[in-house]
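Chemist: Dropping in query13.cif, which is mmCIF, C-alpha atoms and all ligand atoms:
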```
data_entry
#
loop_
_atom_site.label_atom_id
_atom_site.label_comp_id
_atom_site.auth_asym_id
_atom_site.auth_seq_id
_atom_site.Cartn_x
_atom_site.Cartn_y
_atom_site.Cartn_z
CA MET A 59 -88.86 171.61 -98.86
CA ALA A 60 -90.52 170.77 -102.16
CA ASP A 61 -88.24 171.72 -105.06
CA ILE A 62 -90.70 174.21 -106.52
CA VAL A 63 -91.07 175.96 -103.15
CA GLN A 64 -87.28 176.18 -102.82
CA ALA A 65 -86.99 177.46 -106.41
CA ALA A 66 -89.75 180.02 -105.82
CA LYS A 67 -87.99 181.30 -102.70
CA LEU A 68 -84.71 181.67 -104.59
CA LEU A 69 -86.46 183.48 -107.44
CA GLY A 70 -88.56 185.69 -105.14
CA ASP A 71 -85.44 186.81 -103.22
CA ALA A 72 -83.32 187.32 -106.34
CA ARG A 73 -82.17 190.77 -107.43
CA ARG A 74 -80.38 189.77 -110.67
CA VAL A 75 -82.02 187.03 -112.75
CA VAL A 76 -81.07 185.36 -116.03
CA VAL A 77 -83.55 183.21 -117.94
CA PHE A 78 -81.78 180.91 -120.45
CA THR A 79 -84.02 179.08 -122.92
CA GLY A 80 -83.93 176.42 -125.63
CA ALA A 81 -86.34 174.78 -128.05
CA GLY A 82 -88.32 173.16 -125.24
CA ILE A 83 -89.96 176.46 -124.22
CA SER A 84 -91.52 176.76 -127.70
CA ALA A 85 -92.56 173.10 -127.93
CA GLU A 86 -95.99 173.70 -126.36
CA SER A 87 -96.60 176.44 -128.96
CA GLY A 88 -96.18 173.83 -131.72
CA VAL A 89 -92.60 174.62 -132.77
CA PRO A 90 -90.65 171.35 -133.22
CA THR A 91 -87.55 170.99 -131.04
CA PHE A 92 -84.17 169.98 -132.47
CA ARG A 93 -84.67 166.55 -130.90
CA ASP A 94 -87.84 166.02 -132.91
CA ALA A 95 -87.16 164.08 -136.11
CA LEU A 96 -87.57 166.16 -139.26
CA THR A 97 -90.52 165.34 -141.50
CA GLY A 98 -91.44 165.43 -145.19
CA LEU A 99 -88.76 166.61 -147.60
CA TRP A 100 -86.20 166.79 -144.76
CA GLU A 101 -86.96 163.48 -142.99
CA ARG A 102 -83.70 161.90 -144.17
CA PHE A 103 -81.69 164.76 -142.66
CA ASP A 104 -81.02 165.78 -139.10
CA ALA A 105 -81.24 169.42 -138.08
CA GLN A 106 -77.55 169.59 -137.24
CA SER A 107 -76.53 168.61 -140.79
CA LEU A 108 -79.04 170.95 -142.45
CA ALA A 109 -78.12 173.93 -140.26
CA THR A 110 -74.64 174.21 -141.81
CA PRO A 111 -72.91 176.44 -144.40
CA ARG A 112 -72.04 173.27 -146.32
CA ALA A 113 -75.69 172.16 -146.68
CA PHE A 114 -76.64 175.65 -147.91
CA GLN A 115 -73.76 175.64 -150.39
CA ASP A 116 -74.68 172.18 -151.72
CA GLN A 117 -78.49 172.54 -151.74
CA PRO A 118 -79.51 176.18 -151.15
CA ASP A 119 -83.12 175.53 -152.21
CA LEU A 120 -83.50 172.61 -149.76
CA VAL A 121 -82.11 174.62 -146.83
CA TRP A 122 -83.92 177.84 -147.75
CA GLY A 123 -87.17 175.80 -148.08
CA TRP A 124 -86.61 174.46 -144.55
CA TYR A 125 -86.15 177.91 -143.09
CA GLU A 126 -89.20 179.28 -144.98
CA TRP A 127 -91.21 176.35 -143.58
CA ARG A 128 -90.00 177.17 -140.07
CA ARG A 129 -90.60 180.92 -140.52
CA HIS A 130 -94.15 180.18 -141.64
CA ARG A 131 -94.76 177.73 -138.80
CA VAL A 132 -93.59 180.27 -136.19
CA SER A 133 -95.78 182.97 -137.75
CA THR A 134 -98.86 180.75 -137.35
CA VAL A 135 -98.33 179.82 -133.67
CA SER A 136 -98.48 181.88 -130.46
CA PRO A 137 -96.42 182.28 -127.30
CA ASN A 138 -97.47 179.87 -124.52
CA PRO A 139 -97.80 180.39 -120.72
CA GLY A 140 -94.08 179.55 -120.41
CA HIS A 141 -93.05 182.53 -122.58
CA ARG A 142 -95.53 184.78 -120.77
CA ALA A 143 -94.24 183.73 -117.36
CA VAL A 144 -90.72 184.71 -118.47
CA ALA A 145 -92.03 188.17 -119.40
CA ALA A 146 -93.76 188.35 -116.00
CA ILE A 147 -90.44 187.61 -114.27
CA GLU A 148 -88.92 190.57 -116.16
CA THR A 149 -91.52 192.90 -114.64
CA ARG A 150 -91.02 191.49 -111.16
CA VAL A 151 -87.22 191.68 -111.31
CA PRO A 152 -86.20 194.72 -113.38
CA GLY A 153 -82.91 194.08 -115.20
CA THR A 154 -83.71 190.40 -115.79
CA VAL A 155 -81.79 189.20 -118.87
CA VAL A 156 -83.43 186.67 -121.20
CA ILE A 157 -80.92 184.66 -123.25
CA THR A 158 -82.27 182.29 -125.89
CA GLN A 159 -80.89 179.75 -128.33
CA ASN A 160 -84.20 179.91 -130.20
CA VAL A 161 -84.51 181.63 -133.57
CA ASP A 162 -88.26 182.20 -133.19
CA ASP A 163 -89.79 185.50 -131.97
CA LEU A 164 -92.09 184.04 -129.32
CA HIS A 165 -90.30 185.67 -126.37
CA GLU A 166 -90.75 189.09 -127.98
CA ARG A 167 -94.40 188.37 -128.79
CA ALA A 168 -94.97 187.36 -125.15
CA GLY A 169 -93.71 190.77 -124.00
CA SER A 170 -90.03 190.10 -123.29
CA ARG A 171 -88.22 193.38 -123.84
CA ASP A 172 -84.89 192.53 -125.49
CA PRO A 173 -84.02 188.85 -125.43
CA VAL A 174 -80.41 188.02 -126.38
CA HIS A 175 -80.55 185.71 -129.43
CA LEU A 176 -77.32 183.69 -129.30
CA HIS A 177 -78.11 181.80 -132.51
CA GLY A 178 -79.77 184.53 -134.55
CA SER A 179 -83.33 184.80 -135.82
CA LEU A 180 -85.63 183.48 -138.55
CA PHE A 181 -86.60 187.10 -139.20
CA ALA A 182 -83.19 188.63 -140.03
CA PRO A 183 -82.15 187.30 -143.45
CA ARG A 184 -79.03 188.80 -145.01
CA CYS A 185 -76.86 188.48 -148.09
CA SER A 186 -74.39 185.57 -147.83
CA GLY A 187 -71.87 187.73 -149.73
CA CYS A 188 -71.90 191.36 -148.55
CA GLY A 189 -74.04 190.82 -145.44
CA GLU A 190 -76.65 193.35 -146.55
CA ALA A 191 -79.83 192.92 -144.48
CA VAL A 192 -82.81 191.84 -146.61
CA ALA A 193 -86.51 192.47 -145.95
CA LEU A 194 -88.68 189.45 -146.80
CA PRO A 195 -92.44 189.51 -147.38
CA PRO A 196 -94.44 187.71 -144.66
CA ALA A 197 -93.94 183.93 -144.80
CA THR A 198 -96.35 182.34 -147.23
CA GLU A 199 -98.27 179.13 -146.61
CA GLU A 200 -95.76 176.28 -146.86
CA PRO A 201 -96.86 172.70 -147.65
CA ASP A 202 -96.52 170.61 -144.48
CA ALA A 203 -94.18 168.20 -146.25
CA GLY A 204 -92.05 171.18 -147.22
CA ARG A 205 -90.70 172.16 -150.62
CA ARG A 206 -87.49 173.36 -152.19
CA VAL A 207 -87.45 177.16 -152.47
CA GLN A 208 -84.72 179.02 -154.33
CA PRO A 209 -83.31 181.74 -152.05
CA PRO A 210 -83.61 185.30 -153.35
CA THR A 211 -80.46 187.09 -154.49
CA CYS A 212 -78.93 190.26 -153.09
CA VAL A 213 -79.79 193.46 -154.97
CA ARG A 214 -76.26 194.78 -154.31
CA CYS A 215 -73.94 191.86 -155.09
CA HIS A 216 -76.36 189.24 -156.51
CA ARG A 217 -75.09 186.57 -154.11
CA LEU A 218 -77.65 184.32 -152.39
CA VAL A 219 -79.63 185.60 -149.40
CA ARG A 220 -79.21 183.33 -146.36
CA PRO A 221 -81.17 182.96 -143.07
CA GLY A 222 -79.93 185.27 -140.27
CA VAL A 223 -79.15 182.32 -138.01
CA VAL A 224 -75.85 180.92 -136.68
CA TRP A 225 -75.07 177.63 -138.39
CA PHE A 226 -72.96 174.84 -136.86
CA GLY A 227 -69.31 175.71 -137.37
CA GLU A 228 -70.05 179.43 -137.43
CA ALA A 229 -69.13 181.88 -134.69
CA LEU A 230 -71.87 183.35 -132.50
CA PRO A 231 -72.51 187.11 -132.68
CA GLU A 232 -69.77 188.50 -130.42
CA ALA A 233 -71.91 191.16 -128.73
CA ALA A 234 -74.64 188.64 -127.88
CA LEU A 235 -72.19 186.09 -126.48
CA GLU A 236 -70.43 188.75 -124.39
CA ALA A 237 -73.72 190.13 -123.06
CA ALA A 238 -74.81 186.60 -122.14
CA ALA A 239 -71.55 185.74 -120.37
CA ARG A 240 -71.59 189.06 -118.53
CA ALA A 241 -75.19 188.60 -117.32
CA ALA A 242 -74.52 184.97 -116.29
CA SER A 243 -71.45 185.90 -114.24
CA ALA A 244 -73.36 188.68 -112.42
CA CYS A 245 -76.72 187.00 -111.68
CA ASP A 246 -77.84 185.42 -108.41
CA VAL A 247 -80.41 183.11 -110.03
CA LEU A 248 -80.25 181.53 -113.51
CA LEU A 249 -83.30 179.67 -114.80
CA THR A 250 -82.41 177.20 -117.60
CA VAL A 251 -85.58 176.17 -119.44
CA GLY A 252 -86.17 173.62 -122.19
CA THR A 253 -82.63 173.03 -123.32
CA SER A 254 -80.69 169.79 -123.70
CA GLY A 255 -77.49 171.74 -123.00
CA MET A 256 -75.59 169.98 -125.77
CA VAL A 257 -74.67 172.86 -128.07
CA TYR A 258 -71.63 175.05 -127.34
CA PRO A 259 -70.66 177.69 -126.49
CA ALA A 260 -74.31 178.38 -125.46
CA ALA A 261 -74.32 175.45 -123.00
CA GLU A 262 -71.50 177.17 -121.14
CA ILE A 263 -73.80 179.98 -119.95
CA PRO A 264 -75.46 178.15 -117.00
CA ARG A 265 -72.02 176.85 -116.00
CA ILE A 266 -70.62 180.39 -115.91
CA ALA A 267 -73.46 181.37 -113.55
CA ALA A 268 -72.93 178.34 -111.30
CA ARG A 269 -69.18 178.99 -111.13
CA ALA A 270 -69.93 182.60 -110.14
CA GLY A 271 -72.04 181.34 -107.20
CA ALA A 272 -75.52 181.77 -108.68
CA ALA A 273 -78.33 179.32 -107.95
CA VAL A 274 -79.19 177.47 -111.19
CA ILE A 275 -82.76 176.19 -111.51
CA GLN A 276 -83.53 173.79 -114.41
CA VAL A 277 -87.01 173.28 -115.89
CA ASN A 278 -87.13 170.25 -118.20
CA PRO A 279 -89.31 167.13 -118.35
CA HIS A 280 -86.18 165.05 -118.96
CA ALA A 281 -82.72 164.71 -117.43
CA THR A 282 -79.95 166.65 -119.20
CA PRO A 283 -76.23 167.36 -118.64
CA MET A 284 -77.49 170.48 -116.78
CA ASP A 285 -78.81 168.29 -113.92
CA SER A 286 -75.39 168.36 -112.28
CA VAL A 287 -75.05 172.14 -112.72
CA ALA A 288 -78.50 172.92 -111.30
CA LEU A 289 -79.18 173.43 -107.58
CA VAL A 290 -82.86 172.63 -108.20
CA ASN A 291 -84.22 170.44 -111.01
CA LEU A 292 -87.92 170.89 -111.76
CA ARG A 293 -89.18 168.01 -113.92
CA GLY A 294 -92.02 169.06 -116.15
CA SER A 295 -93.07 171.30 -118.99
CA ALA A 296 -92.22 175.00 -119.11
CA GLY A 297 -95.84 175.92 -119.82
CA ARG A 298 -96.96 174.33 -116.56
CA ILE A 299 -94.02 174.91 -114.22
CA LEU A 300 -93.02 178.51 -115.03
CA PRO A 301 -96.45 180.08 -114.27
CA GLU A 302 -96.57 178.08 -111.03
CA LEU A 303 -93.08 179.25 -110.12
CA VAL A 304 -94.04 182.91 -110.71
CA THR A 305 -97.19 182.59 -108.62
CA LYS A 306 -95.28 180.96 -105.77
CA ALA A 307 -92.40 183.46 -105.98
CA TRP A 308 -94.77 186.43 -105.97
CA PRO A 309 -98.04 185.32 -104.33
CA GLY A 310 -101.01 187.25 -105.70
CA ALA A 311 -99.10 188.17 -108.86
CA ALA A 312 -100.63 187.18 -112.19
CA ALA A 313 -98.25 184.55 -113.62
CA ASP A 314 -98.63 185.73 -117.17
CA ASP A 315 -99.61 189.35 -117.02
CA PRO A 316 -96.42 191.33 -117.78
CA ALA A 317 -98.45 194.51 -117.71
CA ALA A 318 -99.52 194.04 -114.06
CA ALA A 319 -96.58 196.03 -112.65
CA PRO A 320 -95.82 195.23 -108.98
CA SER A 321 -97.89 197.57 -106.78
C1 LIG B 1 -68.91 177.20 -133.18
C2 LIG B 1 -79.48 178.10 -135.12
C3 LIG B 1 -66.72 177.78 -133.80
C4 LIG B 1 -79.76 177.44 -136.43
C5 LIG B 1 -78.17 176.52 -133.76
C6 LIG B 1 -67.48 172.04 -127.63
C7 LIG B 1 -67.75 170.72 -127.44
C8 LIG B 1 -68.39 169.99 -128.48
C9 LIG B 1 -68.76 170.60 -129.69
C10 LIG B 1 -68.49 171.91 -129.86
C11 LIG B 1 -67.84 172.63 -128.86
N1 LIG B 1 -67.70 173.90 -129.30
C12 LIG B 1 -68.24 174.00 -130.55
C13 LIG B 1 -68.72 172.79 -130.92
C14 LIG B 1 -69.38 172.52 -132.18
C15 LIG B 1 -70.88 172.89 -132.17
C16 LIG B 1 -71.61 172.08 -131.12
O1 LIG B 1 -71.87 172.52 -130.03
N2 LIG B 1 -71.94 170.84 -131.52
C17 LIG B 1 -72.71 169.98 -130.60
C18 LIG B 1 -73.88 169.42 -131.33
C19 LIG B 1 -71.88 168.90 -130.05
N3 LIG B 1 -71.07 174.30 -131.93
C20 LIG B 1 -71.02 175.13 -133.01
O2 LIG B 1 -70.84 174.76 -134.15
C21 LIG B 1 -71.20 176.61 -132.73
N4 LIG B 1 -70.21 177.37 -133.44
O3 LIG B 1 -68.50 176.46 -132.33
O4 LIG B 1 -68.12 177.96 -134.00
C22 LIG B 1 -66.13 178.97 -134.37
C23 LIG B 1 -65.58 179.88 -133.50
C24 LIG B 1 -64.96 181.00 -134.04
C25 LIG B 1 -64.92 181.18 -135.44
C26 LIG B 1 -65.53 180.25 -136.29
C27 LIG B 1 -66.17 179.13 -135.74
C28 LIG B 1 -72.57 177.12 -133.27
C29 LIG B 1 -73.70 176.41 -132.63
C30 LIG B 1 -75.04 177.05 -133.03
C31 LIG B 1 -75.73 176.27 -134.12
N5 LIG B 1 -77.05 176.83 -134.41
N6 LIG B 1 -79.38 177.11 -134.05
C32 LIG B 1 -81.15 176.87 -136.52
O5 LIG B 1 -81.94 176.99 -135.56
O6 LIG B 1 -81.45 176.33 -137.59
S1 LIG B 1 -78.07 175.34 -132.50
C33 LIG B 1 -79.71 174.81 -132.24
O7 LIG B 1 -79.59 173.53 -131.68
C34 LIG B 1 -80.53 175.61 -131.26
O8 LIG B 1 -80.32 176.98 -131.37
C35 LIG B 1 -80.04 175.04 -129.92
O9 LIG B 1 -78.85 175.67 -129.51
C36 LIG B 1 -79.73 173.60 -130.28
C37 LIG B 1 -80.86 172.70 -129.88
O10 LIG B 1 -80.77 172.57 -128.51
P1 LIG B 1 -82.03 172.90 -127.56
O11 LIG B 1 -82.53 174.27 -127.84
O12 LIG B 1 -81.61 172.55 -126.21
O13 LIG B 1 -83.16 171.92 -128.10
P2 LIG B 1 -83.19 170.32 -128.12
O14 LIG B 1 -84.20 169.97 -129.12
O15 LIG B 1 -81.84 169.78 -128.21
O16 LIG B 1 -83.73 169.94 -126.66
C38 LIG B 1 -85.00 170.38 -126.26
C39 LIG B 1 -85.04 170.19 -124.75
O17 LIG B 1 -86.29 170.67 -124.29
C40 LIG B 1 -84.93 168.73 -124.31
O18 LIG B 1 -84.04 168.63 -123.22
C41 LIG B 1 -86.36 168.37 -123.90
O19 LIG B 1 -86.37 167.45 -122.83
C42 LIG B 1 -86.90 169.72 -123.46
N7 LIG B 1 -88.35 169.90 -123.60
C43 LIG B 1 -89.17 169.35 -124.54
N8 LIG B 1 -90.46 169.81 -124.34
C44 LIG B 1 -90.40 170.68 -123.29
C45 LIG B 1 -89.05 170.75 -122.83
N9 LIG B 1 -88.67 171.53 -121.80
C46 LIG B 1 -89.65 172.26 -121.18
N10 LIG B 1 -90.96 172.27 -121.58
C47 LIG B 1 -91.37 171.49 -122.61
N11 LIG B 1 -92.66 171.49 -122.96
ZN ZN B 2 -74.84 191.17 -151.20
#
```
Would you write the structure of this file as structure tokens?
Ligand code: BV8
Ligand code: ZN

Modeler:
Amino acid sequence: MADIVQAAKLLGDARRVVVFTGAGISAESGVPTFRDALTGLWERFDAQSLATPRAFQDQPDLVWGWYEWRRHRVSTVSPNPGHRAVAAIETRVPGTVVITQNVDDLHERAGSRDPVHLHGSLFAPRCSGCGEAVALPPATEEPDAGRRVQPPTCVRCHRLVRPGVVWFGEALPEAALEAAARAASACDVLLTVGTSGMVYPAAEIPRIAARAGAAVIQVNPHATPMDSVALVNLRGSAGRILPELVTKAWPGAAADDPAAAPS
């Protein structure tokens, strides 16, 4: 049986579904993945060294500039058919849990109700001292090559404001990690989409599901360490494969119309 037909059967019969995503699901929207080399001001850095407390401590304007560039980029792009298909799965299988490593808001903008952000968000800056949440004006036009931008300071303790993301070496938000592990251990199908599965503890989530007996389905144009965890590997882009999977799992259903509630 063709892999996509097998995957569609598993998904169509599922009662508890988890969709686990990484940077690859936003690639077709124009958001660079972590594999993509950085450009401009940041070209001599790799994302893993910039996304650290140390980099922010040493060069806060370089790191803040990078996050303002990313916040602007995300605000100028739109969800793609991959994000919309995920939202469509949520309407077909009530109780579906979306877990993402992405710090963009494209799942929400595609109609996903309450995705679990394991690594935070570009839209939740806070004070690096007292943790006070900070409201930022909409992201301004950023030069493509990037620029250094001095982070604002906290009105309460005057320490620097930092991006509301989880940096390497920092703990994940406990509630999000617990919710993700709980959903993974209770699902019967976990879809892992557009992730290289190299960053922990996030990469543990599909393994928790597999150990609990769930069928893991991977969507990725390339091989990853998840290949051995997945029951079905679908090679291709999320924007092409996910809508097809939804249509095959629920024939007659619109692959990207979350509003079209099942009759
Ligand atoms: C911590 C937010 C401890 C910031 C991010 C165990 C073993 C080894 C190492 C560790 C370990 N445990 C911990 C570590 C250290 C580290 C880690 O995992 N290092 C790795 C690199 C080896 N983990 C940590 O530091 C974590 N914290 O451990 O804290 C602790 C505990 C208690 C108390 C104090 C401390 C924190 C990790 C989180 C870091 N923050 N993001 C920001 O965004 O700036 S991680 C970031 O990178 C993303 O969120 C994501 O998680 C990761 C990138 O991975 P992907 O999303 O998968 O993207 P990638 O580009 O790699 O791949 C894209 C994939 O898509 C590819 O496979 C490609 O083929 C595919 N693709 C491309 N196009 C498409 C596509 N797929 C479908 N369709 C397409 N069109
Ligand atoms: Zn403060």

Chemist: Quick one: residues within 7 Å of Val89 in chain A, all atoms listed in the file, excluding same-chain residues fewer than 4 positions away - as a PyMOL selection string?

Modeler: chain A and resi 84-85+132

Chemist: Given only C-alpha atoms and all ligand atoms, how would the per-residue table for chain A near ligand ZN 2 (chain B) read, listing every residue at most 6 Å away with its closest atom pair and distance in Å to one decimal, sorted by chain and number, as CSV?

Modeler:
```
residue,atom,partner,partner_atom,distance
A:Cys185,CA,B:ZN2,ZN,4.6
A:Gly187,CA,B:ZN2,ZN,4.8
A:Cys188,CA,B:ZN2,ZN,4.0
A:Gly189,CA,B:ZN2,ZN,5.8
A:Glu190,CA,B:ZN2,ZN,5.4
A:Cys212,CA,B:ZN2,ZN,4.6
A:Arg214,CA,B:ZN2,ZN,5.0
A:Cys215,CA,B:ZN2,ZN,4.1
A:His216,CA,B:ZN2,ZN,5.9
A:Arg217,CA,B:ZN2,ZN,5.4
```

Chemist: Name each residue within 7 Å of ligand LIG 1 (chain B), counting only C-alpha atoms and all ligand atoms, as a PyMOL selection string.

Modeler: chain A and resi 80-83+85-86+91-94+105-106+109+159-161+177-178+223-230+251-260+277-280+282+294-297

Chemist: Looking at only C-alpha atoms, which of A:Glu199, A:Arg298, A:Arg112, A:Leu303 is the one that sits closest to Ile275 in chain A?

Modeler: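 Closest to Ile275 in chain A of all the choices is A:Leu303.
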
Chemist: For a quick check of understanding, using all atoms listed in the file, which of A:Ala168, A:Ala182, A:Val121, A:Val290 has the smallest distance to Ala273 in chain A?

Modeler: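 The answer is A:Val290, which sits nearest to Ala273 in chain A.
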
Chemist: Counting all atoms listed in the file, write as a VMD selection string all protein and nucleic acid residues lying at most 8 Å from (-85.3, 182.1, -119.0) in the file's frame.

Modeler: chain A and resid 76 to 79 144 155 to 158 248 to 251

Chemist: Quick one: residues within 8 Å of Val207 in chain A, only C-alpha atoms, excluding same-chain residues fewer than 6 positions away - as a ChimeraX atom specification?

Modeler: /A:119-120,122-123,126

Chemist: Just the number, please: distance in Å from CA of Arg167 in chain A to CA of Ala311 in chain A, one decimal.

Modeler: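 Separation between CA of Arg167 in chain A and CA of Ala311 in chain A: 20.5 Å.
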
Chemist: Using all atoms listed in the file, determine which residues lie at most 10 Å from Pro183 in chain A, disregarding the query and same-chain residues fewer than 2 positions distant; provide the list as a ChimeraX atom specification.

Modeler: /A:178-181,185-186,189-194,219-223

Chemist: I'd like the interatomic distance between CA of Pro118 in chain A and CA of Pro173 in chain A, to a tenth of an Å.

Modeler: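 Going from CA of Pro118 in chain A over to CA of Pro173 in chain A covers 29.0 Å.
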
Chemist: Compute the distance from (-80.2, 183.2, -107.3) to each atom, counting all atoms listed in the file, keep the residues with any atom at most 6 Å away, and return them as a list of chain:residue names; use the coordinates of the file.

Modeler: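 The requested residues, written out, are A:Leu68, A:Ala72, A:Asp246, A:Val247, A:Ala272, A:Ala273.
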
Chemist: How about saving the chosen residues, C-alpha atoms kept, as a PDB file, keeping the file's coordinate frame?

Modeler:
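See out_24.pdb below for the written result:
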```
ATOM      1  CA  LEU A  68     -84.710 181.670-104.590  1.00  0.00           C
ATOM      2  CA  ALA A  72     -83.320 187.320-106.340  1.00  0.00           C
ATOM      3  CA  ASP A 246     -77.840 185.420-108.410  1.00  0.00           C
ATOM      4  CA  VAL A 247     -80.410 183.110-110.030  1.00  0.00           C
ATOM      5  CA  ALA A 272     -75.520 181.770-108.680  1.00  0.00           C
ATOM      6  CA  ALA A 273     -78.330 179.320-107.950  1.00  0.00           C
TER       7      ALA A 273
END
```

Chemist: To one decimal in Å, tell me the separation between CA of Gln208 in chain A and CA of Arg128 in chain A.

Modeler: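 Computing the Euclidean distance for CA of Gln208 in chain A and CA of Arg128 in chain A yields 15.3 Å.
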
Chemist: Could you tell me which of A:Asn291, A:Thr149, A:Ser87, A:Thr110 comes closest to Asp163 in chain A if we count all atoms listed in the file?

Modeler: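 Nearest to Asp163 in chain A: A:Ser87.
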
Chemist: May I ask which of the residues A:Gln115, A:Gln276, A:Thr154, A:Ser286 is the closest one to Asp172 in chain A, counting all atoms listed in the file?

Modeler: A:Thr154

Chemist: Between A:His175, A:Arg205, A:Asp116, A:Arg184, which has the minimum distance to Ala238 in chain A (counting only C-alpha atoms)?

Modeler: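 Answer, going by the shortest atom-to-atom distance: A:His175.
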
Chemist: Could you check which of A:Leu96, A:Leu218, A:Ala65, A:Ala288 is closest to Lys306 in chain A, using only C-alpha atoms?

Modeler: A:Ala65

Chemist: So that I can see what lies close to Gly204 in chain A, please list as an NGL selection string the residues with an atom at most 8 Å from it, counting all atoms listed in the file and leaving out residues fewer than 5 positions away in the same chain.

Modeler: :A and (98-100 or 123-124 or 127)

Chemist: Please, what is the axis-aligned box for every listed atom of range 128-138 of chain A with 5 Å on each side, as centre and edge lengths in Å to one decimal, as JSON?

Modeler:
```
{"center_x": -94.4, "center_y": 180.1, "center_z": -133.1, "size_x": 18.9, "size_y": 15.8, "size_z": 27.1}
```
